[in-house]
Amino acid sequence: MIQPFRLTTGRLDAAEILRFTFDGKSYTGLAGDTLASALLANGVHLVGRSFKYHRPRGILSAGAEEPNALVGIHRDAARKTPNVRATVQELYDGLAAVSQNRWPSLGFDVGGLNNLGAPFFSAGFYYKTFMWPRTAWERLYEPIIRRAAGLGTAPDRPDPDHYSNRFAHCDVLVVGGGAAGLAAALAASETGARVILADEQAVPGGGLRFETGAVIDGKPGWEWAQETAAKLAARDNVRLLTRTTGFGYYAQNMLGLVERLTDHLSAPDVDQPRERLWQVRAKRVVLATGAIERHMVFPGNDRPGIMLASAARAYLNHFGVAVGSKVAVYTADDSAYATAVDLKKRGVEVAAVIDLRPTPRGPHVEESRELGIEVLAGHAVVGTTGRLRVRRIEVAPVYGGASRQIEADALATSSGWTPAVHLFSQSRGKLAFDEETRRFLPGQYVQDALSVGACNGTASLTDAVEEALRAGAKAAKEAGAAKGRSKTVKLDARSPEAWSAGMAGAAPGAEAGKKAMAFVDFQNDVTAKDIRQAVQEGMRSIEHVKRFTTAGMATDQGKTSNLHALTIASEMLGKPVPKVGLTTFRPPYTPVTFGALVGHSRGALFEPTRRTPTHAWAEAQGAVFEDVGQWKRAWYFPQGGEDMHAAVARECLTVRHSAGIFDASTLGKIEIVGPDAARFMELMYTNPWQKLGIGRCRYGIMLREDGFIYDDGVVGRLAEDRFHVTTTTGGAPRVLHHMEDYLQTEFPDLKVWLTSTSEQWATIAVQGPKSRDIIAPLVEGIDLSDEAMPHMSVREGRVCGVPARLFRISFTGERGFEINVPADYGLSVWEAVWAEGQKHGACAYGTETMHVLRAEKGFIIVGQDTDGTVTPDDAGLAWAIGRKKTDFVGIRGLERPDLKAPERRQLVGLKTSDPKTVLEEGAQIVADPNQPVPMKMIGFVTSSYWSENCGRSIALALVEGGRERMGERLYVPMPEDAIEVEVVPMVFFDEKGERTNG
Amino acid sequence: MLLIHCPYCEEERPELEFRHAGEAHIARPENIAEISDEEFQRYFFIRANPKGVTFERWRHMHGCGRFFNAARDTVSDRFLMTYMAGEPKPDLGKAGGGAVRSASRKGTPA
Amino acid sequence: MAETARRISALEGRAYQGPGIALNPAAPASRLSLRAPEASLAALSKALGLILPRKPKTTAESGKRAALWLGPDEWLLIDEGGADLTVLCAKASALHSAVDISHRNTAILVAGEHTEDVLGAGCPQALSLARFPIGAASRTVFGKAEVVLWRIAEDAFRIECWRSFSYYVFSLLEKAAREV
């Protein structure tokens, strides 16, 4: 076989050979391999460099807990994923992986010099060393540290993949598809309950992947798992999600799962999302998340070739790969013996089993001895040698005696198993420390969940399966899903494997006082010595120890290391483990891509893009659009190569000389209906409404309770009990919310209802001296004469044969109309108005011209000329407050001393001394440009435009005591010089307002 | 994402449909135009913001549109109960049975 | 006098058909936002020819007309025959607010065995038959848009949304439909 360490094809498909590269070198693997198993099959152990010391690192595990084997997967220029765990990445044909955190090469890494300086880089090194001088941090230290440290390289192009989202609901969610999870799902689904089973592997089975002696329901464990998974998948009430990690357990039994859909494929379909985020709401949750094996903490325990015993076994039994040609085992519990036994039986030389315990006993121990494996009880591994791979281990008796060297090119270690209680803990369940087995186990539950199997500390397969079957049935019943009498599922499960407690913390050779580098946390290069040092330097809480040493941080979140760190800290502090506490488990369990969290909300689906009914017409006319909230609004309509300035100047002139047509459909519209409509209006607006005649309009101002302007708009009274209210474009939703709030909770007795009609109506504004002539041929049933329909009135009739609300209003100061027709007719009516307009030389105009024309008339725009701290009086709109009114929202706020103080900023007009200078909106205003900096700023420019109609620039500004300053010269300091301006009234054009009837 | 029991829709609905609307049981003074600065301050600016049980307003914005009140524990982020707008502030000691919607039957507020 | 304007739907020309899923714009219909207190319901029901539902998340249908409970005093009336619903309501002298929203809303019909999954891409509500039976209707969210869902058959929903949101809603539905 071309893969030298592939003994058999294991459970993989031998027929399908896949090619892949690692750091440019070509290898082959088999379909079903992970990148890790394929590398090991090729004898490659060195896969990365450590984070801090750049020490050579190999593959520690065969699963999601992997701290070392992080690689970059490069699909193409844009798809470069860093920090992929080689133990999780499934092999596909053409996979290209690169090692990380090394330069110039993995074999020879300059950063490895850090290793020589290790005594200086101990815990808290950064905090202590880079404190002084302060200025050096940004310029010197941080850039260097950032370059030297870090895991992988972030991609530098936008992610071309797409991601999906799914909300799902079920009776029972089972997380984990090992023997326990499968059994729980089987029992739960038997009742008819809707079950979701999520498993992080490509194929369910969990620990049965490596266990050899398990028999369930009379079949070998793995075979039973595959049959059961197939059976579950075939059930209508079960959704089996593979390659799916439960990463977060949130409030009220909502869990976040990430399903990986294409990372294992050679050529994914373009419609296929890369990942799907599942937000699952489960009535009951069954956690079957298993346990994670811990490594031994001993000197030199990080050399490539040293790995978890269960990983060595998984590579052997599942992938058919020997992790070495001469493998030693170092353990403090029974389970690692099975690794030795399985290796030996497959013909791999087992150098020795080194067991810390003086008198290990059990079936696998005996079997090991029977197979002729040397068992060194009461011994420890106190050192290792080998540059890029372990070559020899040094073994010594625990209670004194000479050490000896043993040749081994791989070392499988186990100090015991840590129940994976991450999700339970995230659910806010309280963990309890079991003194006897030295493990944290689920204690008090606060959500509707159950834990089964290894994550619950259940030791034997028989017990785990039984517990899971019970839990599955119970969860289904509690979820209220069990229909009638369903059959009780029974399974006979047996396994010779025993999972005794093992040990945690430093092993002999790594005790206090020893200088040896015995790694607790591989990913962050944290040694036993670092933990002790943290305690010595005053860290008392495990949370402080974690932050000082960085143990348990980064992508693996200390899955293999937390209990070791905690045990060492507790020994140093002389306090029992539960008193030192456990760091908080937070989501995500394993890293989650931003893409998965963002889901569909990218590009065109980032948020709704709202278009008016006339959008297509404007687009065809070459309009330039601007974003106003979620709306696309026509900004200006350039003709024949005009720039924005020229187009706006032309549009402004045309409106005032002939007419302009403008799409005002985005304005918010609210229909207020009911016998108390006028009373409600009185409360919501500062203006009086009771006496407004039917068919008449009024400009209304809405305040918040604090007295500041919240919104404004023209309101038409259609009937005694019906008002057509308009709001600003951006204000529509919040104004309705504000009105509903008062109506429902403060004035619930008023007989009035509010309905949004923003999108019922397309609103076509026709403004200018020719406006009446343009619309007249299209209007039916409405007398358009000034006498019958004066400025500020509204009539219902027909336009182009469809029902219409016609307003005679003007935001330009010209004679003007706003035609409201049902939205689906909007485009057709617009085209008819346009055709009529052409006969009179009218133009289409956009929001920029609308802004200029209203500013020429001194009409404010809420949100531009006001900023949430402007009162009606500040804006020169005191006239709009009904003086005789005894209540409206904001009436009391207006009386606050600060709101009546002199020298408040008031809205005024500004004219630059040089008429050609256009001020910048937002620019600050000072009285004396020569005063020392910082200058006293007395106001700022809110609106500023070139006005073609005035032949000069115009501006509006909020200026302290502005109305008292008419004629005063003020200054707008800019980087080059200060611009001189004169304070003038807000109306720049047609001061007498004669043109509304012009 | 929380599930919130809407007293008008009579079922638990996802938090995405709701909007928080500030502290509950702060009535707008009927004679608001006449109240003193201190009274206005108390009404408009001062909020309890307790650690523990808080009474607050929510709106089922993207559902039935109704404002309603809720008692929520700010420590555990659990809704203890929800009730219709206009109903008096409940005595949580007495509230029991069906009225209390705790997130979990097993759970006790932390 | 001027000729009648053409009606152009916001979703004109859009449709998607995939395995187990079909998305189609619904035909124009007349719609009414009806608000009324309890005391008016009998009279309004009579005027409309259907019993306005009082139970949350339910609907009542009569011929081409349906009333969807949206809130304790709010109904969405849909008449696929195009009847003028405001006129019908005006015949009842009972207190109410009737506002024509025929053009404010537009509707998308989602049908096929994957309907629940496609809606689940953006709607956080439980949509199983048990929780959201045939005839159930509710205002909710779909992605970042507000919608009204109405289950018209075991594997078919009508989604009502505001006109300008329909492009987004349809696009998100189509994206999800391509992924199931």
# chains A, B, ... in the order shown; residues from 1 in each chain; ligands from 1

$ residues_around --residues "region 382-390 of chain A" --least-positions-apart "2" --cutoff "6 Å" --atoms "only C-alpha atoms" --output "mmCIF file with N, CA and C atoms, in the first residue's frame"
data_model
loop_
_atom_site.group_PDB
_atom_site.id
_atom_site.type_symbol
_atom_site.label_atom_id
_atom_site.label_comp_id
_atom_site.auth_asym_id
_atom_site.auth_seq_id
_atom_site.Cartn_x
_atom_site.Cartn_y
_atom_site.Cartn_z
ATOM 1 N N PRO A 299 6.894 15.739 31.601
ATOM 2 C CA PRO A 299 7.900 16.515 30.852
ATOM 3 C C PRO A 299 8.006 16.037 29.396
ATOM 4 N N GLY A 300 7.980 16.998 28.491
ATOM 5 C CA GLY A 300 8.135 16.666 27.067
ATOM 6 C C GLY A 300 6.923 15.963 26.490
ATOM 7 N N ARG A 303 5.556 16.279 22.243
ATOM 8 C CA ARG A 303 6.220 15.929 20.984
ATOM 9 C C ARG A 303 5.260 15.251 20.014
ATOM 10 N N PRO A 304 5.411 15.559 18.718
ATOM 11 C CA PRO A 304 4.584 14.859 17.735
ATOM 12 C C PRO A 304 4.754 13.353 17.908
ATOM 13 N N GLY A 305 3.660 12.630 17.820
ATOM 14 C CA GLY A 305 3.697 11.179 18.057
ATOM 15 C C GLY A 305 3.089 10.845 19.403
ATOM 16 N N ALA A 380 6.379 5.927 35.664
ATOM 17 C CA ALA A 380 5.967 7.169 35.022
ATOM 18 C C ALA A 380 6.891 7.477 33.856
ATOM 19 N N ARG A 392 12.219 8.405 21.732
ATOM 20 C CA ARG A 392 12.495 7.625 22.941
ATOM 21 C C ARG A 392 11.755 8.254 24.098
ATOM 22 N N ILE A 393 11.377 7.387 25.051
ATOM 23 C CA ILE A 393 10.786 7.930 26.274
ATOM 24 C C ILE A 393 11.612 7.451 27.452
ATOM 25 N N GLU A 394 11.658 8.298 28.468
ATOM 26 C CA GLU A 394 12.391 7.942 29.671
ATOM 27 C C GLU A 394 11.374 7.546 30.737
ATOM 28 N N VAL A 395 11.575 6.323 31.251
ATOM 29 C CA VAL A 395 10.597 5.778 32.186
ATOM 30 C C VAL A 395 11.273 5.538 33.525
ATOM 31 N N ASP A 409 8.127 5.295 18.700
ATOM 32 C CA ASP A 409 7.867 6.424 17.788
ATOM 33 C C ASP A 409 6.444 6.955 17.953
ATOM 34 N N GLY A 509 7.501 13.942 37.725
ATOM 35 C CA GLY A 509 8.437 14.595 36.809
ATOM 36 C C GLY A 509 8.004 16.007 36.504
#

$ residues_around --residues "Trp150 (chain C)" --least-positions-apart "6" --cutoff "12 Å" --atoms "only C-alpha atoms" --output "VMD selection string"
chain C and resid 57 to 61 66 to 70 76 78 107 to 111 119 127 132 to 140 156 to 161

$ write_last_selection --atoms "N, CA, C and O atoms" --output "short mmCIF file (atom, residue, chain, number, x, y, z; two decimals), in the first residue's frame"
data_model
loop_
_atom_site.label_atom_id
_atom_site.label_comp_id
_atom_site.auth_asym_id
_atom_site.auth_seq_id
_atom_site.Cartn_x
_atom_site.Cartn_y
_atom_site.Cartn_z
N LYS C 57 -55.11 33.50 16.48
CA LYS C 57 -54.44 32.65 15.46
C LYS C 57 -55.44 31.83 14.63
O LYS C 57 -55.08 30.80 14.11
N THR C 58 -56.70 32.29 14.57
CA THR C 58 -57.67 31.53 13.77
C THR C 58 -58.22 32.39 12.63
O THR C 58 -58.00 33.61 12.60
N THR C 59 -58.91 31.74 11.74
CA THR C 59 -59.51 32.43 10.59
C THR C 59 -60.94 31.92 10.39
O THR C 59 -61.32 30.88 10.93
N ALA C 60 -61.70 32.69 9.63
CA ALA C 60 -63.02 32.22 9.20
C ALA C 60 -63.09 32.46 7.70
O ALA C 60 -62.56 33.45 7.20
N GLU C 61 -63.73 31.56 7.00
CA GLU C 61 -63.82 31.70 5.55
C GLU C 61 -65.25 31.56 5.09
O GLU C 61 -66.04 30.82 5.69
N ALA C 66 -62.23 35.79 3.45
CA ALA C 66 -61.70 35.23 4.69
C ALA C 66 -61.40 36.35 5.66
O ALA C 66 -61.08 37.48 5.26
N ALA C 67 -61.53 36.03 6.93
CA ALA C 67 -61.15 36.97 7.99
C ALA C 67 -60.09 36.31 8.84
O ALA C 67 -60.28 35.21 9.34
N LEU C 68 -58.96 36.98 8.99
CA LEU C 68 -57.85 36.46 9.78
C LEU C 68 -57.75 37.25 11.08
O LEU C 68 -57.65 38.48 11.04
N TRP C 69 -57.79 36.54 12.21
CA TRP C 69 -57.60 37.21 13.51
C TRP C 69 -56.14 37.64 13.59
O TRP C 69 -55.24 36.82 13.50
N LEU C 70 -55.91 38.92 13.75
CA LEU C 70 -54.52 39.38 13.91
C LEU C 70 -54.26 39.88 15.32
O LEU C 70 -53.13 39.86 15.80
N LEU C 76 -57.67 40.92 9.48
CA LEU C 76 -57.31 41.16 8.08
C LEU C 76 -58.34 40.43 7.24
O LEU C 76 -58.49 39.21 7.36
N ILE C 78 -59.67 39.38 3.57
CA ILE C 78 -59.18 39.19 2.19
C ILE C 78 -60.35 38.69 1.36
O ILE C 78 -61.03 37.73 1.76
N ALA C 107 -49.36 39.13 -1.75
CA ALA C 107 -49.28 37.80 -1.14
C ALA C 107 -48.49 36.84 -2.01
O ALA C 107 -48.44 36.96 -3.23
N ILE C 108 -47.84 35.91 -1.32
CA ILE C 108 -47.07 34.86 -1.99
C ILE C 108 -47.63 33.52 -1.53
O ILE C 108 -47.86 33.33 -0.33
N LEU C 109 -47.85 32.64 -2.47
CA LEU C 109 -48.33 31.30 -2.14
C LEU C 109 -47.14 30.35 -2.12
O LEU C 109 -46.38 30.28 -3.10
N VAL C 110 -46.97 29.67 -1.00
CA VAL C 110 -45.88 28.70 -0.86
C VAL C 110 -46.52 27.34 -0.73
O VAL C 110 -47.37 27.14 0.15
N ALA C 111 -46.14 26.43 -1.60
CA ALA C 111 -46.78 25.12 -1.54
C ALA C 111 -45.78 24.02 -1.86
O ALA C 111 -44.79 24.24 -2.56
N LEU C 119 -40.21 27.93 5.06
CA LEU C 119 -40.62 29.01 5.96
C LEU C 119 -39.72 29.07 7.19
O LEU C 119 -39.45 30.14 7.74
N LEU C 127 -44.20 25.76 13.28
CA LEU C 127 -45.11 25.66 12.14
C LEU C 127 -45.61 24.25 11.88
O LEU C 127 -46.18 23.96 10.83
N PHE C 132 -49.59 24.85 14.29
CA PHE C 132 -50.06 25.82 13.31
C PHE C 132 -50.95 25.08 12.31
O PHE C 132 -50.55 24.80 11.18
N PRO C 133 -52.17 24.74 12.75
CA PRO C 133 -53.01 23.87 11.91
C PRO C 133 -53.53 24.56 10.66
O PRO C 133 -53.41 25.78 10.52
N ILE C 134 -54.14 23.80 9.80
CA ILE C 134 -54.76 24.36 8.60
C ILE C 134 -55.80 25.37 9.05
O ILE C 134 -56.59 25.11 9.96
N GLY C 135 -55.77 26.54 8.45
CA GLY C 135 -56.71 27.60 8.83
C GLY C 135 -56.14 28.55 9.87
O GLY C 135 -56.72 29.60 10.13
N ALA C 136 -54.99 28.21 10.44
CA ALA C 136 -54.38 29.13 11.41
C ALA C 136 -53.72 30.29 10.67
O ALA C 136 -53.27 30.13 9.53
N ALA C 137 -53.69 31.44 11.32
CA ALA C 137 -53.03 32.60 10.72
C ALA C 137 -52.43 33.44 11.83
O ALA C 137 -52.96 33.49 12.94
N SER C 138 -51.31 34.06 11.52
CA SER C 138 -50.63 34.85 12.53
C SER C 138 -49.70 35.86 11.88
O SER C 138 -49.06 35.57 10.88
N ARG C 139 -49.64 37.01 12.50
CA ARG C 139 -48.60 37.95 12.09
C ARG C 139 -47.32 37.49 12.76
O ARG C 139 -47.33 37.01 13.89
N THR C 140 -46.21 37.60 12.06
CA THR C 140 -44.92 37.16 12.61
C THR C 140 -43.82 37.80 11.78
O THR C 140 -44.08 38.79 11.09
N ALA C 156 -49.37 24.05 2.36
CA ALA C 156 -49.46 25.32 1.61
C ALA C 156 -49.78 26.48 2.55
O ALA C 156 -50.65 26.38 3.42
N PHE C 157 -49.03 27.55 2.38
CA PHE C 157 -49.25 28.77 3.15
C PHE C 157 -49.46 29.94 2.20
O PHE C 157 -48.92 29.95 1.09
N ARG C 158 -50.24 30.90 2.66
CA ARG C 158 -50.30 32.18 1.99
C ARG C 158 -49.54 33.15 2.88
O ARG C 158 -49.78 33.22 4.09
N ILE C 159 -48.59 33.87 2.29
CA ILE C 159 -47.82 34.85 3.06
C ILE C 159 -48.22 36.23 2.58
O ILE C 159 -48.03 36.58 1.42
N GLU C 160 -48.78 37.00 3.51
CA GLU C 160 -49.13 38.38 3.19
C GLU C 160 -48.00 39.28 3.70
O GLU C 160 -47.53 39.12 4.83
N CYS C 161 -47.55 40.20 2.89
CA CYS C 161 -46.57 41.16 3.38
C CYS C 161 -46.79 42.50 2.69
O CYS C 161 -47.56 42.59 1.74
#

$ closest_atom_pairs --of "chain A" --to "chain C" --cutoff "8 Å" --atoms "only C-alpha atoms" --output "CSV"
residue,atom,partner,partner_atom,distance
A:Ser164,CA,C:Ala121,CA,7.3
A:Asn165,CA,C:Ala121,CA,5.1
A:Arg166,CA,C:Ala121,CA,4.3
A:Phe167,CA,C:Gly120,CA,5.0
A:Ala168,CA,C:Gly120,CA,6.6
A:His169,CA,C:Ala126,CA,6.0
A:Asp271,CA,C:Glu179,CA,6.3
A:Gln272,CA,C:Glu179,CA,5.9
A:Pro273,CA,C:Glu179,CA,6.9
A:His600,CA,C:Leu172,CA,7.6
A:Leu605,CA,C:Tyr168,CA,6.7
A:Glu607,CA,C:Lys144,CA,6.3
A:Pro608,CA,C:Tyr168,CA,5.2
A:Thr609,CA,C:Tyr168,CA,6.8
A:Arg610,CA,C:Ser164,CA,4.8
A:Arg611,CA,C:Ser164,CA,5.7
A:Thr612,CA,C:Ser164,CA,6.8
A:Pro613,CA,C:Ala10,CA,7.4
A:Glu671,CA,C:Val99,CA,7.5
A:Val673,CA,C:Ser97,CA,5.6
A:Gly674,CA,C:Ser97,CA,6.2
A:Val752,CA,C:Ser97,CA,7.6
A:Trp753,CA,C:Ser97,CA,6.4
A:Thr755,CA,C:Val99,CA,7.1
A:Thr757,CA,C:Arg104,CA,6.6
A:Ser758,CA,C:Arg104,CA,7.4
A:Glu759,CA,C:Arg104,CA,4.5
A:Gln760,CA,C:Arg104,CA,3.8
A:Trp761,CA,C:Arg104,CA,7.3
A:Pro777,CA,C:Ala2,CA,7.1
A:Leu778,CA,C:Ala2,CA,5.5
A:Val779,CA,C:Ala2,CA,7.7
A:Glu780,CA,C:Met1,CA,7.5
A:Val799,CA,C:Ala2,CA,7.7
A:Cys800,CA,C:Ala2,CA,5.1
A:Gly801,CA,C:Thr4,CA,4.4
A:Val802,CA,C:Thr4,CA,6.3
A:Pro822,CA,C:His103,CA,5.8
A:Ala823,CA,C:His103,CA,5.5
A:Asp824,CA,C:Ile8,CA,4.9
A:Tyr825,CA,C:Arg7,CA,4.8
A:Leu827,CA,C:Ile8,CA,7.6
A:Ser828,CA,C:Ala5,CA,5.5
A:Val829,CA,C:Ala5,CA,6.1

$ write_last_selection --atoms "N, CA and C atoms" --output "tab-separated table (two decimals), in the first residue's frame"
chain	number	residue	atom	x	y	z
A	164	SER	N	-26.85	29.17	5.47
A	164	SER	CA	-28.30	29.03	5.60
A	164	SER	C	-28.73	29.07	7.05
A	165	ASN	N	-29.99	29.34	7.25
A	165	ASN	CA	-30.55	29.40	8.60
A	165	ASN	C	-31.83	28.58	8.65
A	166	ARG	N	-32.05	27.95	9.79
A	166	ARG	CA	-33.30	27.20	9.94
A	166	ARG	C	-33.76	27.26	11.39
A	167	PHE	N	-34.99	27.72	11.57
A	167	PHE	CA	-35.61	27.60	12.88
A	167	PHE	C	-36.32	26.25	12.91
A	168	ALA	N	-36.15	25.51	13.98
A	168	ALA	CA	-36.82	24.22	14.06
A	168	ALA	C	-37.36	24.01	15.47
A	169	HIS	N	-38.38	23.21	15.55
A	169	HIS	CA	-39.03	22.93	16.83
A	169	HIS	C	-39.21	21.42	16.93
A	271	ASP	N	-25.62	25.92	-5.36
A	271	ASP	CA	-26.82	26.22	-4.60
A	271	ASP	C	-26.74	25.74	-3.15
A	272	GLN	N	-25.78	24.86	-2.93
A	272	GLN	CA	-25.65	24.25	-1.62
A	272	GLN	C	-24.96	25.21	-0.65
A	273	PRO	N	-25.61	25.55	0.48
A	273	PRO	CA	-24.91	26.39	1.44
A	273	PRO	C	-23.75	25.64	2.09
A	600	HIS	N	-28.44	33.98	5.95
A	600	HIS	CA	-28.87	34.54	4.67
A	600	HIS	C	-28.65	36.05	4.58
A	605	LEU	N	-29.81	40.16	0.45
A	605	LEU	CA	-30.71	39.76	1.53
A	605	LEU	C	-30.23	40.29	2.89
A	607	GLU	N	-30.68	43.15	4.19
A	607	GLU	CA	-31.92	43.64	4.76
A	607	GLU	C	-32.84	43.97	3.60
A	608	PRO	N	-34.13	44.12	3.88
A	608	PRO	CA	-35.04	44.39	2.77
A	608	PRO	C	-34.66	45.69	2.06
A	609	THR	N	-34.66	45.66	0.74
A	609	THR	CA	-34.51	46.87	-0.05
A	609	THR	C	-35.90	47.22	-0.57
A	610	ARG	N	-36.39	48.36	-0.13
A	610	ARG	CA	-37.77	48.73	-0.48
A	610	ARG	C	-37.75	49.67	-1.68
A	611	ARG	N	-38.60	49.35	-2.65
A	611	ARG	CA	-38.67	50.17	-3.86
A	611	ARG	C	-40.09	50.65	-4.04
A	612	THR	N	-40.23	51.85	-4.57
A	612	THR	CA	-41.58	52.40	-4.76
A	612	THR	C	-42.16	51.86	-6.07
A	613	PRO	N	-43.45	52.04	-6.28
A	613	PRO	CA	-44.06	51.52	-7.53
A	613	PRO	C	-43.45	52.12	-8.79
A	671	GLU	N	-53.74	56.05	8.79
A	671	GLU	CA	-55.14	56.44	8.77
A	671	GLU	C	-55.68	56.32	10.19
A	673	VAL	N	-58.91	56.53	12.44
A	673	VAL	CA	-60.36	56.41	12.23
A	673	VAL	C	-61.07	56.14	13.55
A	674	GLY	N	-62.16	56.81	13.74
A	674	GLY	CA	-63.00	56.57	14.92
A	674	GLY	C	-63.59	57.86	15.42
A	752	VAL	N	-60.82	55.01	18.76
A	752	VAL	CA	-60.08	55.37	17.55
A	752	VAL	C	-59.10	54.26	17.25
A	753	TRP	N	-58.85	54.03	15.97
A	753	TRP	CA	-57.89	52.99	15.56
A	753	TRP	C	-56.92	53.55	14.53
A	755	THR	N	-54.17	52.71	11.43
A	755	THR	CA	-53.78	51.72	10.41
A	755	THR	C	-52.71	52.33	9.52
A	757	THR	N	-51.04	53.05	6.25
A	757	THR	CA	-51.41	53.00	4.84
A	757	THR	C	-50.25	53.48	3.97
A	758	SER	N	-49.03	53.48	4.57
A	758	SER	CA	-47.86	53.97	3.83
A	758	SER	C	-47.78	53.34	2.44
A	759	GLU	N	-48.04	52.04	2.40
A	759	GLU	CA	-47.84	51.34	1.13
A	759	GLU	C	-49.13	51.10	0.37
A	760	GLN	N	-50.24	51.55	0.94
A	760	GLN	CA	-51.49	51.45	0.19
A	760	GLN	C	-51.46	52.43	-0.98
A	761	TRP	N	-50.81	53.56	-0.72
A	761	TRP	CA	-50.86	54.65	-1.68
A	761	TRP	C	-49.52	54.91	-2.35
A	777	PRO	N	-56.37	67.22	-16.76
A	777	PRO	CA	-57.00	66.26	-17.69
A	777	PRO	C	-57.16	64.86	-17.10
A	778	LEU	N	-56.47	64.58	-16.03
A	778	LEU	CA	-56.48	63.23	-15.49
A	778	LEU	C	-57.44	63.07	-14.32
A	779	VAL	N	-57.90	64.20	-13.79
A	779	VAL	CA	-58.69	64.18	-12.56
A	779	VAL	C	-60.17	64.19	-12.88
A	780	GLU	N	-60.88	63.37	-12.14
A	780	GLU	CA	-62.32	63.23	-12.32
A	780	GLU	C	-63.02	63.51	-11.00
A	799	VAL	N	-58.41	59.65	-10.35
A	799	VAL	CA	-57.32	60.10	-11.23
A	799	VAL	C	-57.02	58.92	-12.15
A	800	CYS	N	-57.01	59.20	-13.44
A	800	CYS	CA	-56.84	58.13	-14.43
A	800	CYS	C	-57.86	57.02	-14.21
A	801	GLY	N	-58.99	57.36	-13.71
A	801	GLY	CA	-60.06	56.39	-13.55
A	801	GLY	C	-59.96	55.54	-12.29
A	802	VAL	N	-58.96	55.77	-11.47
A	802	VAL	CA	-58.86	54.96	-10.26
A	802	VAL	C	-59.06	55.85	-9.03
A	822	PRO	N	-53.99	53.99	-5.35
A	822	PRO	CA	-53.59	52.66	-4.87
A	822	PRO	C	-52.30	52.21	-5.55
A	823	ALA	N	-51.41	51.65	-4.73
A	823	ALA	CA	-50.02	51.48	-5.15
A	823	ALA	C	-49.82	50.75	-6.46
A	824	ASP	N	-50.60	49.70	-6.71
A	824	ASP	CA	-50.41	48.95	-7.95
A	824	ASP	C	-50.69	49.81	-9.19
A	825	TYR	N	-51.43	50.91	-9.01
A	825	TYR	CA	-51.70	51.83	-10.13
A	825	TYR	C	-50.63	52.92	-10.24
A	827	LEU	N	-47.43	53.29	-10.98
A	827	LEU	CA	-46.58	53.46	-12.16
A	827	LEU	C	-47.40	53.96	-13.35
A	828	SER	N	-48.57	53.37	-13.51
A	828	SER	CA	-49.40	53.74	-14.65
A	828	SER	C	-49.86	55.20	-14.55
A	829	VAL	N	-50.25	55.61	-13.37
A	829	VAL	CA	-50.68	57.00	-13.17
A	829	VAL	C	-49.49	57.95	-13.34

$ residues_around --residues "region 833-850 of chain A" --least-positions-apart "2" --cutoff "7 Å" --atoms "only C-alpha atoms" --output "VMD selection string"
chain A and resid 634 to 637 648 651 to 652 654 658 to 662 770 774 to 775 829 to 831 852 to 854

$ interface_residues --of "chain B" --to "chain C" --cutoff "7 Å" --atoms "only C-alpha atoms" --output "list in words"
Tyr8, Cys9, Arg13, Pro14, Glu17, His62, Gly63, Cys64 and Gly65 of chain B

$ write_last_selection --atoms "N, CA and C atoms" --output "tab-separated table (two decimals), in the first residue's frame"
chain	number	residue	atom	x	y	z
B	8	TYR	N	-52.48	38.16	25.03
B	8	TYR	CA	-53.57	38.35	24.06
B	8	TYR	C	-53.62	37.20	23.06
B	9	CYS	N	-52.44	36.72	22.64
B	9	CYS	CA	-52.41	35.59	21.71
B	9	CYS	C	-52.53	34.27	22.46
B	13	ARG	N	-44.57	32.92	22.27
B	13	ARG	CA	-44.11	33.24	20.92
B	13	ARG	C	-42.65	33.70	21.00
B	14	PRO	N	-41.92	33.56	19.88
B	14	PRO	CA	-40.50	33.88	19.90
B	14	PRO	C	-40.23	35.38	20.12
B	17	GLU	N	-40.56	38.49	17.76
B	17	GLU	CA	-41.82	39.17	17.44
B	17	GLU	C	-42.10	40.33	18.40
B	62	HIS	N	-44.69	42.37	16.25
B	62	HIS	CA	-44.92	41.64	15.00
B	62	HIS	C	-45.87	40.47	15.23
B	63	GLY	N	-46.80	40.67	16.14
B	63	GLY	CA	-47.82	39.66	16.39
B	63	GLY	C	-49.15	40.38	16.45
B	64	CYS	N	-49.78	40.37	17.62
B	64	CYS	CA	-51.09	41.01	17.74
B	64	CYS	C	-50.97	42.52	17.91
B	65	GLY	N	-49.75	43.01	18.09
B	65	GLY	CA	-49.57	44.46	18.16
B	65	GLY	C	-49.86	45.06	19.54
